[in-house]
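Only one structure is covered here, and it is reproduced in the block below.
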Amino acid sequence: MAALSLYNTLSRSKEEFRPIKGKHVGIYSCGPTVYNFAHIGNMRNYIIVDLLKRLLLHNGYNVKHVMNITDVGHLVGDANIGEDKVRLTAEHEHKSVHEVAKFYTGEFLKDMKRLALMEPEIMPKATDHIPEMLSLIEKLDRKGYLYTVNTGVYFDTSKFKNYGKLTGLTFDELNDYLISGARVKRASGIRNTTDFAVWRFSNPDEKDMVWQTPYGKGFPGWHIECSAMSMKYLGAHFDIHTGGIDHLPIHHTNEIAQSEAATGEKFVNYWVHIEFLQVNGKKMSKSMGNVYRIEDLIEKGYSACAYKYLVISAYYRSQLNFTFEALEGAESTLEGIYSFMSKVSNMNFMGKEEGNGTFAERAKSLKAEFFESLNNDLNTPTALSKLHSLISETNKAQKKGFSKADAKAVIDTLLEIDSVLGLGFSKYADREELPKAVSELIAEREESRKNRDYKRSDEIRDELRKKYSVVLEDTGSGPIWYREMPSSRKH
Ligand code: AMP
Ligand code: ZN
């Protein structure tokens, strides 16, 4: 089994990945809050998660991937006080909260499909897991971690040893950090700035998304959802937890505190945080008018896979700046790969089918380097450079002389690479049947060449390209032909 190393936020170092249970890996990803369409920044996060999952599968592990749907509890601004995001949209759109959550969950799943992301094995909804959250709250209560103020039931973070260990800050430093940047608003009556609600009391007029419980009438805090759902499906101690970098100081820090306080066990072994996407060098925001969705890119004529390629071309722990020029570049590069696939799949060796296949060995070693790079903390830029070496070296080798075995090795390598990248290479791996007229022209050109009638030979070559998009190339192992791929671009 290939060795994967991952940067673990918890240890602030790259570590060799070792699962808890042999070949089985449990991953929990903080999923979308379904109050709005997901934007391309959100989707960067899920593209990387999908890549990690596919790599683990390629490495031979069985993966159980859980991604929650937050349909209640996430407050505007992630603050300690404020309004529930889903409820607020429902008010604006004059819909019920259930309708809002259902609609945006459906839209999110559409985006996942457009990007060819594998659907997680389990996608639990917060509203379906209120009993699990309450039982966690009850455990924390029994152990003396909770106190009640007029807005809800809070977790006293000063009682949890090493609170904030994920951030690398001490308890006091973390409190100062949150206060100084006004990152959280202090709810009245709370003991520490870092304290957070596990249960919030609703206003008397709130009817939707409120539950009558022994802790009062209300709804859960956002962090408790992820603890309850991850531990329900993956156990109290599991392998990998992912999320955007913004979740590190508050959401994930609180997930650790309440989970470990309740179970007395280590919660998660590896914390993987994905950096943010910016647009034209700026934070995405409605007021800037720079919030794009996958659908916006498609409407402008780009493919969802071009965006995926753009994301993969950057290292996940670096900020990525989205521009339409960069997307354009990604689309061209991806088209180049598709046309290369189509070319190699359609190479015709005109009787020289049996070569010695020496390039196959080179393809194998480039493949190994590709996966080595990915296994090195998902170093996608280096991995992609190996893929491009494979393409350019194939083009060179094929000019000198190539065999059917070489071509097959290249195609198989690209398909294996794509089992992890998920960029749809397989659509271009089919061998097309040539119309009879084309094969007759190719045969005629061969005849003309043999008879040194180069004028006729060139005429046929031009006709094939113009009329049938068939390209003839003379190589060291004789002429080959392939169909030129038409551009699918609409912009
Ligand atoms: P939310 O639906 O707001 O909970 O966000 C879903 C996921 O997207 C979270 O893991 C966020 O950290 C992540 N996220 C939000 N904005 C961005 C961004 N601009 N770039 C990358 N990831 C983001
Ligand atoms: Zn979460």
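Residue numbers start at 1 in each chain; chains themselves are named A, B, ... in the order of the structure tokens; ligands are numbered from 1 in the order shown.
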Enumerate as a list in words all residues of range 20-170 of chain A assigned to strand (DSSP E) by DSSP on the backbone, naming them with the chain letters and numbers the document uses.
His24, Val25, Gly26, Ile27, Tyr28, Ser29, Asn62, Val63, Lys64, His65, Val66, Met67, Leu146, Tyr147, Thr148, Val149, Gly152, Val153, Tyr154 and Phe155 of chain A
List every residue of range 27-78 of chain A that DSSP, applied to the backbone of this structure, places in alpha helix (DSSP H), and write the result as an NGL selection string.
:A and (40-58)
Could you produce a table of the residues of chain A lying within 8 Å of ligand 2, with the nearest pair of atoms per residue and their separation in Å rounded to one decimal, using only C-alpha atoms and all ligand atoms, ordered by chain and increasing residue number, as CSV?
residue,atom,partner,partner_atom_place_in_ligand_line,distance
A:Ser29,CA,ligand 2,1 (Zn),6.9
A:Cys30,CA,ligand 2,1 (Zn),3.9
A:Gly31,CA,ligand 2,1 (Zn),6.7
A:Asn68,CA,ligand 2,1 (Zn),7.5
A:Trp222,CA,ligand 2,1 (Zn),7.5
A:His223,CA,ligand 2,1 (Zn),6.2
A:Glu225,CA,ligand 2,1 (Zn),7.2
A:Cys226,CA,ligand 2,1 (Zn),4.6
A:Ser227,CA,ligand 2,1 (Zn),7.7
A:Gly243,CA,ligand 2,1 (Zn),7.3
A:His247,CA,ligand 2,1 (Zn),7.7
A:His251,CA,ligand 2,1 (Zn),6.5
A:His252,CA,ligand 2,1 (Zn),6.8
A:Glu255,CA,ligand 2,1 (Zn),7.6
Go ahead and save the picked residues with N, CA, C and O atoms, as a CSV table (one decimal), in the first residue's frame.
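again-v5.csv, freshly written:
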chain,number,residue,atom,x,y,z
A,29,SER,N,-16.1,15.3,6.5
A,29,SER,CA,-15.9,16.6,5.9
A,29,SER,C,-17.1,17.5,6.3
A,29,SER,O,-18.2,17.2,6.1
A,30,CYS,N,-16.7,18.7,6.8
A,30,CYS,CA,-17.8,19.7,7.1
A,30,CYS,C,-18.4,20.1,5.7
A,30,CYS,O,-17.7,20.5,4.8
A,31,GLY,N,-19.7,19.8,5.7
A,31,GLY,CA,-20.4,20.0,4.4
A,31,GLY,C,-21.0,21.4,4.3
A,31,GLY,O,-20.8,22.3,5.1
A,68,ASN,N,-21.6,16.2,6.2
A,68,ASN,CA,-22.9,16.6,6.7
A,68,ASN,C,-23.6,17.7,5.8
A,68,ASN,O,-22.9,18.4,5.1
A,222,TRP,N,-24.1,25.1,16.1
A,222,TRP,CA,-23.6,24.5,14.9
A,222,TRP,C,-22.5,23.4,15.1
A,222,TRP,O,-22.5,22.3,14.5
A,223,HIS,N,-21.6,23.7,16.1
A,223,HIS,CA,-20.4,22.8,16.3
A,223,HIS,C,-20.9,21.4,16.8
A,223,HIS,O,-20.3,20.4,16.4
A,225,GLU,N,-23.3,19.7,16.0
A,225,GLU,CA,-23.8,18.9,14.9
A,225,GLU,C,-22.7,18.0,14.3
A,225,GLU,O,-22.9,16.8,14.2
A,226,CYS,N,-21.6,18.6,14.1
A,226,CYS,CA,-20.5,17.9,13.4
A,226,CYS,C,-20.0,16.8,14.4
A,226,CYS,O,-19.6,15.7,13.9
A,227,SER,N,-19.9,17.2,15.7
A,227,SER,CA,-19.4,16.2,16.6
A,227,SER,C,-20.4,15.0,16.7
A,227,SER,O,-19.9,13.8,16.6
A,243,GLY,N,-11.9,20.4,6.2
A,243,GLY,CA,-12.7,21.6,6.2
A,243,GLY,C,-11.9,22.8,5.7
A,243,GLY,O,-10.6,22.7,5.5
A,247,HIS,N,-12.5,27.3,9.3
A,247,HIS,CA,-13.1,26.5,10.4
A,247,HIS,C,-12.1,26.2,11.5
A,247,HIS,O,-12.5,25.7,12.5
A,251,HIS,N,-14.8,26.6,14.7
A,251,HIS,CA,-15.6,25.4,14.5
A,251,HIS,C,-14.9,24.1,14.9
A,251,HIS,O,-15.4,23.3,15.7
A,252,HIS,N,-13.7,23.9,14.3
A,252,HIS,CA,-13.0,22.6,14.6
A,252,HIS,C,-12.5,22.6,16.0
A,252,HIS,O,-12.4,21.5,16.6
A,255,GLU,N,-15.3,21.6,18.0
A,255,GLU,CA,-15.7,20.1,17.8
A,255,GLU,C,-14.8,19.2,18.6
A,255,GLU,O,-15.2,18.3,19.3
Could you pull out the residues sitting within 6 Å of ligand 1, using only C-alpha atoms and all ligand atoms, and write them as a PyMOL selection string?
chain A and resi 30-33+41-42+44-45+243-247+275-278
Take the residues just selected and output them with C-alpha atoms as a JSON list (two decimals), in the first residue's frame.
[["chain", "number", "residue", "atom", "x", "y", "z"],
["A", 30, "CYS", "CA", -17.77, 19.71, 7.07],
["A", 31, "GLY", "CA", -20.40, 20.01, 4.39],
["A", 32, "PRO", "CA", -22.43, 22.91, 3.04],
["A", 33, "THR", "CA", -24.78, 25.14, 4.96],
["A", 41, "GLY", "CA", -14.64, 28.81, -3.21],
["A", 42, "ASN", "CA", -16.81, 26.25, -1.44],
["A", 44, "ARG", "CA", -12.54, 24.23, -4.18],
["A", 45, "ASN", "CA", -12.82, 22.68, -0.76],
["A", 243, "GLY", "CA", -12.68, 21.60, 6.19],
["A", 244, "GLY", "CA", -11.83, 25.05, 4.97],
["A", 245, "ILE", "CA", -9.11, 26.96, 6.81],
["A", 246, "ASP", "CA", -11.72, 29.36, 8.24],
["A", 247, "HIS", "CA", -13.09, 26.53, 10.38],
["A", 275, "GLU", "CA", -6.93, 27.22, 1.93],
["A", 276, "PHE", "CA", -9.28, 29.81, 0.53],
["A", 277, "LEU", "CA", -9.99, 30.82, -3.01],
["A", 278, "GLN", "CA", -9.83, 34.49, -3.88]]
With a distance cut-off of 8 Å and only C-alpha atoms, select the neighbouring residues of Tyr215 in chain A, excluding the residue or stretch itself and same-chain residues fewer than 2 positions from it, and output the selection as a list in words.
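Within the cut-off, the hits are Val153, Trp199, Thr213 and Lys217 of chain A.
With only C-alpha atoms taken into account, the protein and nucleic acid residues at most 6 Å from range 368-371 of chain A (excluding it and anything under 4 positions from it in its own chain) are Asn375, Ala383 and Lys386 of chain A.
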Can you pull out every residue within 10 Å of Lys102 in chain A, counting only C-alpha atoms, but drop anything in the same chain fewer than 5 positions away, and send it as a PyMOL selection string?
chain A and resi 34-35+71+96-97+107-108
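Among the candidate residues A:Met229, A:Ala187, A:Glu416, A:Thr170, the one lying nearest to Ile130 in chain A is A:Met229, with distances computed using only C-alpha atoms.
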Between A:Asp458, A:Asp377, A:Glu433, A:Asp128, which is the closest to Ser345 in chain A once you count only C-alpha atoms?
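Distance minimum relative to Ser345 in chain A lands on A:Glu433.
Straight-line separation from CA of Tyr316 in chain A to CA of Asn379 in chain A: 8.0 Å.
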Nearest residue to Phe196 in chain A from the set A:Lys165, A:Ile69, A:Tyr292, A:Leu75 (distances using only C-alpha atoms):
A:Leu75
